[in-house]
Amino acid sequence: MDKIIYPELSYLITGLCFSVQKNLGRFAREKQYSDALEKTLKNTQVHYEREKIIGDFAEGNRADFIIENKIILEIKSIPYITKKEYYQIQRYLKASNLKLGMIINFRSEYLKPKRVVNSNV
């Protein structure tokens, strides 16, 4: 059985995202979810960076959030998560040398973060 990476922090993030989805519903825009999550994070002791450029990537490649310099958090509002979203966060993890990425799809009926582990770290 694999050990969960950063369990307390990832559970906290999940709980905050549940709260955001409860307040906004399932059909808001990604920016609305990101703005609401940022407001929620400001009320915690969690350090975060928003829209951070990862590695030497060009302007369009920014992580939605980096939490505690440990977790890359990508916010989505799409019908379902595809390989494209997994590949995106895998690129970010490799470029940043962080261990864990989480994809949060607020459009999902049952909010369940997708965890992506950087096997290179």
# chains A, B, ... in the order shown; residues from 1 in each chain; ligands from 1

$ closest_atom_pairs --of "segment 41-65 of chain A" --to "segment 72-81 of chain A" --cutoff "8 Å" --atoms "only C-alpha atoms" --output "JSON lines"
{"residue": "A:Ala63", "atom": "CA", "partner": "A:Glu74", "partner_atom": "CA", "distance": 6.4}
{"residue": "A:Asp64", "atom": "CA", "partner": "A:Glu74", "partner_atom": "CA", "distance": 5.2}
{"residue": "A:Phe65", "atom": "CA", "partner": "A:Leu73", "partner_atom": "CA", "distance": 5.0}

$ write_last_selection --atoms "N, CA and C atoms" --output "tab-separated table (two decimals), in the first residue's frame"
chain	number	residue	atom	x	y	z
A	63	ALA	N	1.08	27.34	-12.74
A	63	ALA	CA	0.29	26.51	-11.82
A	63	ALA	C	-0.75	27.41	-11.17
A	64	ASP	N	-1.96	26.90	-11.05
A	64	ASP	CA	-3.01	27.69	-10.42
A	64	ASP	C	-2.61	28.07	-8.99
A	65	PHE	N	-2.17	27.08	-8.22
A	65	PHE	CA	-1.70	27.33	-6.86
A	65	PHE	C	-0.53	26.40	-6.55

$ closest_residue --among "A:Val20, A:Ala28, A:Leu41, A:Val46" --to "Arg107 of chain A" --atoms "only C-alpha atoms"
A:Ala28

$ select_by_dssp --residues "segment 57-98 of chain A" --states "strand (DSSP E)" --output "list of chain:residue names"
A:Arg62, A:Ala63, A:Asp64, A:Phe65, A:Ile66, A:Ile67, A:Ile71, A:Ile72, A:Leu73, A:Glu74, A:Ile75, A:Lys76

$ residues_around --residues "Ile89 of chain A" --least-positions-apart "3" --cutoff "10 Å" --atoms "only C-alpha atoms" --output "list in words"
Ala63, Ile72, Leu73, Glu74, Lys84, Glu85, Tyr86, Tyr92, Leu93, Lys94, Ala95, Leu100, Gly101, Met102, Ile103, Arg115, Val116, Val117 and Asn118 of chain A

$ residues_around --residues "Ser10 of chain A" --least-positions-apart "2" --cutoff "10 Å" --atoms "only C-alpha atoms" --output "MDAnalysis selection string"
chainID A and resid 4:8 12:16 67 70:71 73 100:102 113 115

$ write_last_selection --atoms "N, CA and C atoms" --output "short mmCIF file (atom, residue, chain, number, x, y, z; two decimals), in the first residue's frame"
data_model
loop_
_atom_site.label_atom_id
_atom_site.label_comp_id
_atom_site.auth_asym_id
_atom_site.auth_seq_id
_atom_site.Cartn_x
_atom_site.Cartn_y
_atom_site.Cartn_z
N ILE A 4 0.33 7.89 1.74
CA ILE A 4 -0.24 9.15 1.25
C ILE A 4 0.75 10.27 1.53
N ILE A 5 1.05 11.04 0.51
CA ILE A 5 1.99 12.14 0.64
C ILE A 5 1.26 13.36 1.17
N TYR A 6 1.82 13.97 2.21
CA TYR A 6 1.25 15.17 2.83
C TYR A 6 -0.23 15.00 3.18
N PRO A 7 -0.57 13.99 3.97
CA PRO A 7 -1.99 13.72 4.22
C PRO A 7 -2.75 14.88 4.86
N GLU A 8 -2.20 15.50 5.91
CA GLU A 8 -2.94 16.57 6.59
C GLU A 8 -3.18 17.74 5.65
N LEU A 12 -6.75 19.01 4.15
CA LEU A 12 -7.17 20.39 4.41
C LEU A 12 -7.59 21.07 3.10
N ILE A 13 -6.77 20.92 2.07
CA ILE A 13 -7.07 21.50 0.76
C ILE A 13 -8.41 20.95 0.24
N THR A 14 -8.59 19.65 0.36
CA THR A 14 -9.84 19.04 -0.09
C THR A 14 -11.04 19.62 0.65
N GLY A 15 -10.91 19.78 1.94
CA GLY A 15 -11.99 20.35 2.74
C GLY A 15 -12.31 21.78 2.33
N LEU A 16 -11.27 22.58 2.06
CA LEU A 16 -11.47 23.95 1.62
C LEU A 16 -12.18 23.98 0.26
N ILE A 67 0.87 25.17 -2.94
CA ILE A 67 0.51 25.20 -1.53
C ILE A 67 1.71 24.76 -0.69
N LYS A 70 4.81 22.66 -1.53
CA LYS A 70 4.80 21.20 -1.52
C LYS A 70 3.86 20.61 -2.55
N ILE A 71 2.71 21.26 -2.77
CA ILE A 71 1.66 20.69 -3.61
C ILE A 71 1.29 21.66 -4.72
N LEU A 73 -1.56 22.68 -7.16
CA LEU A 73 -3.01 22.52 -7.20
C LEU A 73 -3.54 23.15 -8.47
N LEU A 100 3.88 16.27 -5.13
CA LEU A 100 2.47 15.98 -5.27
C LEU A 100 1.74 17.07 -6.04
N GLY A 101 0.86 16.63 -6.93
CA GLY A 101 -0.04 17.52 -7.61
C GLY A 101 -1.47 17.06 -7.36
N MET A 102 -2.37 18.01 -7.31
CA MET A 102 -3.79 17.69 -7.14
C MET A 102 -4.59 18.43 -8.20
N PRO A 113 -10.65 15.00 -5.46
CA PRO A 113 -9.39 15.43 -6.04
C PRO A 113 -8.62 14.26 -6.66
N ARG A 115 -5.07 12.87 -7.45
CA ARG A 115 -3.72 13.04 -6.95
C ARG A 115 -2.73 12.52 -7.99
#

$ atom_distance --atom1 "atom CA of Asn105 of chain A" --atom2 "atom CA of Lys52 of chain A"
19.4 Å

$ residues_around --residues "Asp35 of chain A" --least-positions-apart "2" --cutoff "12 Å" --atoms "only C-alpha atoms" --output "ChimeraX atom specification"
/A:17,20,24,28-33,37-42,50-51,64-65,75

$ write_last_selection --atoms "N, CA and C atoms" --output "tab-separated table (two decimals), in the first residue's frame"
chain	number	residue	atom	x	y	z
A	17	CYS	N	-11.81	23.05	-0.60
A	17	CYS	CA	-12.44	22.98	-1.93
A	17	CYS	C	-13.91	22.55	-1.82
A	20	VAL	N	-15.77	25.64	-0.97
A	20	VAL	CA	-15.91	26.52	-2.14
A	20	VAL	C	-17.01	26.00	-3.07
A	24	LEU	N	-20.42	27.94	-4.25
A	24	LEU	CA	-20.57	28.39	-5.65
A	24	LEU	C	-21.38	27.42	-6.51
A	28	ALA	N	-19.79	27.15	-11.94
A	28	ALA	CA	-19.11	28.44	-12.03
A	28	ALA	C	-17.89	28.29	-12.94
A	29	ARG	N	-17.23	29.39	-13.20
A	29	ARG	CA	-16.02	29.37	-14.02
A	29	ARG	C	-14.80	29.08	-13.16
A	30	GLU	N	-13.74	28.60	-13.81
A	30	GLU	CA	-12.51	28.28	-13.08
A	30	GLU	C	-12.00	29.47	-12.29
A	31	LYS	N	-12.03	30.65	-12.89
A	31	LYS	CA	-11.53	31.84	-12.19
A	31	LYS	C	-12.35	32.13	-10.94
A	32	GLN	N	-13.66	31.91	-11.00
A	32	GLN	CA	-14.49	32.12	-9.81
A	32	GLN	C	-14.10	31.15	-8.70
A	33	TYR	N	-13.84	29.90	-9.05
A	33	TYR	CA	-13.41	28.93	-8.05
A	33	TYR	C	-12.04	29.30	-7.49
A	37	LEU	N	-11.31	30.17	-3.68
A	37	LEU	CA	-10.35	29.36	-2.94
A	37	LEU	C	-9.27	30.26	-2.35
A	38	GLU	N	-8.83	31.24	-3.10
A	38	GLU	CA	-7.81	32.16	-2.58
A	38	GLU	C	-8.33	32.90	-1.35
A	39	LYS	N	-9.56	33.38	-1.39
A	39	LYS	CA	-10.16	34.04	-0.22
A	39	LYS	C	-10.21	33.09	0.97
A	40	THR	N	-10.55	31.84	0.71
A	40	THR	CA	-10.61	30.85	1.77
A	40	THR	C	-9.22	30.57	2.34
A	41	LEU	N	-8.22	30.46	1.46
A	41	LEU	CA	-6.85	30.22	1.92
A	41	LEU	C	-6.31	31.37	2.76
A	42	LYS	N	-6.73	32.59	2.43
A	42	LYS	CA	-6.26	33.75	3.20
A	42	LYS	C	-6.71	33.68	4.65
A	50	ARG	N	-0.19	31.92	-6.09
A	50	ARG	CA	-1.19	31.73	-7.14
A	50	ARG	C	-0.60	32.14	-8.49
A	51	GLU	N	-0.97	31.39	-9.53
A	51	GLU	CA	-0.54	31.67	-10.90
A	51	GLU	C	0.98	31.77	-11.01
A	64	ASP	N	-1.96	26.90	-11.05
A	64	ASP	CA	-3.01	27.69	-10.42
A	64	ASP	C	-2.61	28.07	-8.99
A	65	PHE	N	-2.17	27.08	-8.22
A	65	PHE	CA	-1.70	27.33	-6.86
A	65	PHE	C	-0.53	26.40	-6.55
A	75	ILE	N	-6.92	23.90	-10.71
A	75	ILE	CA	-8.35	24.09	-10.60
A	75	ILE	C	-8.98	23.91	-11.98

$ select_by_dssp --residues "segment 12-109 of chain A" --states "alpha helix (DSSP H)" --output "PyMOL selection string"
chain A and resi 12-24+30-42+83-96

$ write_last_selection --atoms "N, CA and C atoms" --output "tab-separated table (two decimals), in the first residue's frame"
chain	number	residue	atom	x	y	z
A	12	LEU	N	-6.75	19.01	4.15
A	12	LEU	CA	-7.17	20.39	4.41
A	12	LEU	C	-7.59	21.07	3.10
A	13	ILE	N	-6.77	20.92	2.07
A	13	ILE	CA	-7.07	21.50	0.76
A	13	ILE	C	-8.41	20.95	0.24
A	14	THR	N	-8.59	19.65	0.36
A	14	THR	CA	-9.84	19.04	-0.09
A	14	THR	C	-11.04	19.62	0.65
A	15	GLY	N	-10.91	19.78	1.94
A	15	GLY	CA	-11.99	20.35	2.74
A	15	GLY	C	-12.31	21.78	2.33
A	16	LEU	N	-11.27	22.58	2.06
A	16	LEU	CA	-11.47	23.95	1.62
A	16	LEU	C	-12.18	23.98	0.26
A	17	CYS	N	-11.81	23.05	-0.60
A	17	CYS	CA	-12.44	22.98	-1.93
A	17	CYS	C	-13.91	22.55	-1.82
A	18	PHE	N	-14.21	21.64	-0.90
A	18	PHE	CA	-15.61	21.27	-0.66
A	18	PHE	C	-16.42	22.50	-0.27
A	19	SER	N	-15.85	23.31	0.59
A	19	SER	CA	-16.53	24.53	1.04
A	19	SER	C	-16.78	25.49	-0.12
A	20	VAL	N	-15.77	25.64	-0.97
A	20	VAL	CA	-15.91	26.52	-2.14
A	20	VAL	C	-17.01	26.00	-3.07
A	21	GLN	N	-17.00	24.69	-3.34
A	21	GLN	CA	-18.01	24.13	-4.23
A	21	GLN	C	-19.41	24.26	-3.61
A	22	LYS	N	-19.51	24.09	-2.32
A	22	LYS	CA	-20.80	24.22	-1.65
A	22	LYS	C	-21.34	25.64	-1.83
A	23	ASN	N	-20.46	26.63	-1.74
A	23	ASN	CA	-20.88	28.03	-1.86
A	23	ASN	C	-21.19	28.44	-3.29
A	24	LEU	N	-20.42	27.94	-4.25
A	24	LEU	CA	-20.57	28.39	-5.65
A	24	LEU	C	-21.38	27.42	-6.51
A	30	GLU	N	-13.74	28.60	-13.81
A	30	GLU	CA	-12.51	28.28	-13.08
A	30	GLU	C	-12.00	29.47	-12.29
A	31	LYS	N	-12.03	30.65	-12.89
A	31	LYS	CA	-11.53	31.84	-12.19
A	31	LYS	C	-12.35	32.13	-10.94
A	32	GLN	N	-13.66	31.91	-11.00
A	32	GLN	CA	-14.49	32.12	-9.81
A	32	GLN	C	-14.10	31.15	-8.70
A	33	TYR	N	-13.84	29.90	-9.05
A	33	TYR	CA	-13.41	28.93	-8.05
A	33	TYR	C	-12.04	29.30	-7.49
A	34	SER	N	-11.13	29.71	-8.37
A	34	SER	CA	-9.79	30.09	-7.92
A	34	SER	C	-9.85	31.30	-6.99
A	35	ASP	N	-10.65	32.30	-7.35
A	35	ASP	CA	-10.79	33.49	-6.51
A	35	ASP	C	-11.38	33.12	-5.15
A	36	ALA	N	-12.41	32.29	-5.16
A	36	ALA	CA	-13.04	31.87	-3.90
A	36	ALA	C	-12.09	31.05	-3.04
A	37	LEU	N	-11.31	30.17	-3.68
A	37	LEU	CA	-10.35	29.36	-2.94
A	37	LEU	C	-9.27	30.26	-2.35
A	38	GLU	N	-8.83	31.24	-3.10
A	38	GLU	CA	-7.81	32.16	-2.58
A	38	GLU	C	-8.33	32.90	-1.35
A	39	LYS	N	-9.56	33.38	-1.39
A	39	LYS	CA	-10.16	34.04	-0.22
A	39	LYS	C	-10.21	33.09	0.97
A	40	THR	N	-10.55	31.84	0.71
A	40	THR	CA	-10.61	30.85	1.77
A	40	THR	C	-9.22	30.57	2.34
A	41	LEU	N	-8.22	30.46	1.46
A	41	LEU	CA	-6.85	30.22	1.92
A	41	LEU	C	-6.31	31.37	2.76
A	42	LYS	N	-6.73	32.59	2.43
A	42	LYS	CA	-6.26	33.75	3.20
A	42	LYS	C	-6.71	33.68	4.65
A	83	LYS	N	-6.61	12.83	-19.96
A	83	LYS	CA	-5.16	12.66	-19.91
A	83	LYS	C	-4.44	13.99	-20.05
A	84	LYS	N	-5.03	14.91	-20.78
A	84	LYS	CA	-4.42	16.23	-20.98
A	84	LYS	C	-4.14	16.92	-19.64
A	85	GLU	N	-5.09	16.86	-18.72
A	85	GLU	CA	-4.91	17.49	-17.42
A	85	GLU	C	-3.85	16.77	-16.59
A	86	TYR	N	-3.82	15.43	-16.69
A	86	TYR	CA	-2.77	14.68	-15.99
A	86	TYR	C	-1.39	15.02	-16.55
A	87	TYR	N	-1.26	15.08	-17.87
A	87	TYR	CA	0.02	15.40	-18.48
A	87	TYR	C	0.48	16.80	-18.09
A	88	GLN	N	-0.45	17.72	-18.03
A	88	GLN	CA	-0.11	19.10	-17.64
A	88	GLN	C	0.49	19.13	-16.23
A	89	ILE	N	-0.16	18.51	-15.30
A	89	ILE	CA	0.35	18.57	-13.93
A	89	ILE	C	1.63	17.74	-13.78
A	90	GLN	N	1.77	16.67	-14.56
A	90	GLN	CA	3.02	15.90	-14.53
A	90	GLN	C	4.19	16.76	-15.02
A	91	ARG	N	3.97	17.56	-16.06
A	91	ARG	CA	5.01	18.48	-16.54
A	91	ARG	C	5.40	19.47	-15.45
A	92	TYR	N	4.39	20.01	-14.78
A	92	TYR	CA	4.65	20.97	-13.71
A	92	TYR	C	5.43	20.33	-12.57
A	93	LEU	N	5.07	19.11	-12.21
A	93	LEU	CA	5.77	18.42	-11.13
A	93	LEU	C	7.23	18.17	-11.49
A	94	LYS	N	7.48	17.72	-12.70
A	94	LYS	CA	8.86	17.46	-13.13
A	94	LYS	C	9.68	18.75	-13.15
A	95	ALA	N	9.10	19.82	-13.64
A	95	ALA	CA	9.82	21.10	-13.74
A	95	ALA	C	10.07	21.73	-12.37
A	96	SER	N	9.19	21.46	-11.42
A	96	SER	CA	9.31	22.10	-10.11
A	96	SER	C	9.99	21.23	-9.07

$ decode --residues "chain A" --atoms "C-alpha atoms" --output "compact mmCIF listing (two decimals), in the first residue's frame"
# COMPACT_ATOMS: atom_id res chain seq x y z
CA MET A 1 0.00 0.00 0.00
CA ASP A 2 1.36 3.42 -0.97
CA LYS A 3 1.86 6.01 1.71
CA ILE A 4 -0.24 9.15 1.25
CA ILE A 5 1.99 12.14 0.64
CA TYR A 6 1.25 15.17 2.83
CA PRO A 7 -1.99 13.72 4.22
CA GLU A 8 -2.94 16.57 6.59
CA LEU A 9 -2.27 19.28 4.01
CA SER A 10 -4.01 17.46 1.17
CA TYR A 11 -7.06 16.73 3.36
CA LEU A 12 -7.17 20.39 4.41
CA ILE A 13 -7.07 21.50 0.76
CA THR A 14 -9.84 19.04 -0.09
CA GLY A 15 -11.99 20.35 2.74
CA LEU A 16 -11.47 23.95 1.62
CA CYS A 17 -12.44 22.98 -1.93
CA PHE A 18 -15.61 21.27 -0.66
CA SER A 19 -16.53 24.53 1.04
CA VAL A 20 -15.91 26.52 -2.14
CA GLN A 21 -18.01 24.13 -4.23
CA LYS A 22 -20.80 24.22 -1.65
CA ASN A 23 -20.88 28.03 -1.86
CA LEU A 24 -20.57 28.39 -5.65
CA GLY A 25 -22.21 25.21 -6.91
CA ARG A 26 -20.95 23.07 -9.77
CA PHE A 27 -21.22 25.37 -12.75
CA ALA A 28 -19.11 28.44 -12.03
CA ARG A 29 -16.02 29.37 -14.02
CA GLU A 30 -12.51 28.28 -13.08
CA LYS A 31 -11.53 31.84 -12.19
CA GLN A 32 -14.49 32.12 -9.81
CA TYR A 33 -13.41 28.93 -8.05
CA SER A 34 -9.79 30.09 -7.92
CA ASP A 35 -10.79 33.49 -6.51
CA ALA A 36 -13.04 31.87 -3.90
CA LEU A 37 -10.35 29.36 -2.94
CA GLU A 38 -7.81 32.16 -2.58
CA LYS A 39 -10.16 34.04 -0.22
CA THR A 40 -10.61 30.85 1.77
CA LEU A 41 -6.85 30.22 1.92
CA LYS A 42 -6.26 33.75 3.20
CA ASN A 43 -8.30 32.82 6.29
CA THR A 44 -5.97 29.91 7.09
CA GLN A 45 -2.34 29.68 8.08
CA VAL A 46 -1.53 27.94 4.79
CA HIS A 47 1.10 29.64 2.63
CA TYR A 48 0.28 29.63 -1.06
CA GLU A 49 1.30 31.19 -4.34
CA ARG A 50 -1.19 31.73 -7.14
CA GLU A 51 -0.54 31.67 -10.90
CA LYS A 52 3.12 30.82 -10.41
CA ILE A 53 5.29 30.20 -13.48
CA ILE A 54 6.75 26.71 -13.29
CA GLY A 55 10.36 26.16 -14.33
CA ASP A 56 11.46 27.81 -17.55
CA PHE A 57 8.09 27.46 -19.24
CA ALA A 58 6.63 30.23 -21.34
CA GLU A 59 3.99 32.69 -20.17
CA GLY A 60 1.04 30.33 -20.62
CA ASN A 61 2.36 27.67 -18.22
CA ARG A 62 1.42 28.65 -14.70
CA ALA A 63 0.29 26.51 -11.82
CA ASP A 64 -3.01 27.69 -10.42
CA PHE A 65 -1.70 27.33 -6.86
CA ILE A 66 1.38 26.06 -5.12
CA ILE A 67 0.51 25.20 -1.53
CA GLU A 68 3.22 25.35 1.17
CA ASN A 69 5.81 24.88 -1.58
CA LYS A 70 4.80 21.20 -1.52
CA ILE A 71 1.66 20.69 -3.61
CA ILE A 72 0.72 21.94 -7.06
CA LEU A 73 -3.01 22.52 -7.20
CA GLU A 74 -4.79 22.79 -10.53
CA ILE A 75 -8.35 24.09 -10.60
CA LYS A 76 -10.73 22.86 -13.31
CA SER A 77 -14.39 23.34 -14.19
CA ILE A 78 -14.86 20.85 -17.01
CA PRO A 79 -17.18 17.88 -17.63
CA TYR A 80 -14.43 15.38 -16.76
CA ILE A 81 -10.67 15.08 -16.28
CA THR A 82 -8.74 13.73 -19.28
CA LYS A 83 -5.16 12.66 -19.91
CA LYS A 84 -4.42 16.23 -20.98
CA GLU A 85 -4.91 17.49 -17.42
CA TYR A 86 -2.77 14.68 -15.99
CA TYR A 87 0.02 15.40 -18.48
CA GLN A 88 -0.11 19.10 -17.64
CA ILE A 89 0.35 18.57 -13.93
CA GLN A 90 3.02 15.90 -14.53
CA ARG A 91 5.01 18.48 -16.54
CA TYR A 92 4.65 20.97 -13.71
CA LEU A 93 5.77 18.42 -11.13
CA LYS A 94 8.86 17.46 -13.13
CA ALA A 95 9.82 21.10 -13.74
CA SER A 96 9.31 22.10 -10.11
CA ASN A 97 10.66 18.97 -8.40
CA LEU A 98 7.63 18.94 -6.11
CA LYS A 99 6.22 15.57 -5.02
CA LEU A 100 2.47 15.98 -5.27
CA GLY A 101 -0.04 17.52 -7.61
CA MET A 102 -3.79 17.69 -7.14
CA ILE A 103 -6.42 18.33 -9.79
CA ILE A 104 -9.69 19.64 -8.43
CA ASN A 105 -12.60 19.53 -10.86
CA PHE A 106 -15.37 21.62 -9.35
CA ARG A 107 -17.85 20.55 -12.00
CA SER A 108 -17.83 16.96 -10.68
CA GLU A 109 -20.98 15.97 -8.89
CA TYR A 110 -18.87 14.35 -6.17
CA LEU A 111 -15.78 16.45 -5.62
CA LYS A 112 -12.87 14.02 -5.53
CA PRO A 113 -9.39 15.43 -6.04
CA LYS A 114 -7.15 13.54 -8.44
CA ARG A 115 -3.72 13.04 -6.95
CA VAL A 116 -0.64 12.91 -9.18
CA VAL A 117 2.69 11.85 -7.68
CA ASN A 118 6.04 12.86 -9.12
CA SER A 119 7.93 9.58 -9.36
CA ASN A 120 11.19 11.44 -10.14
CA VAL A 121 11.50 12.92 -6.64
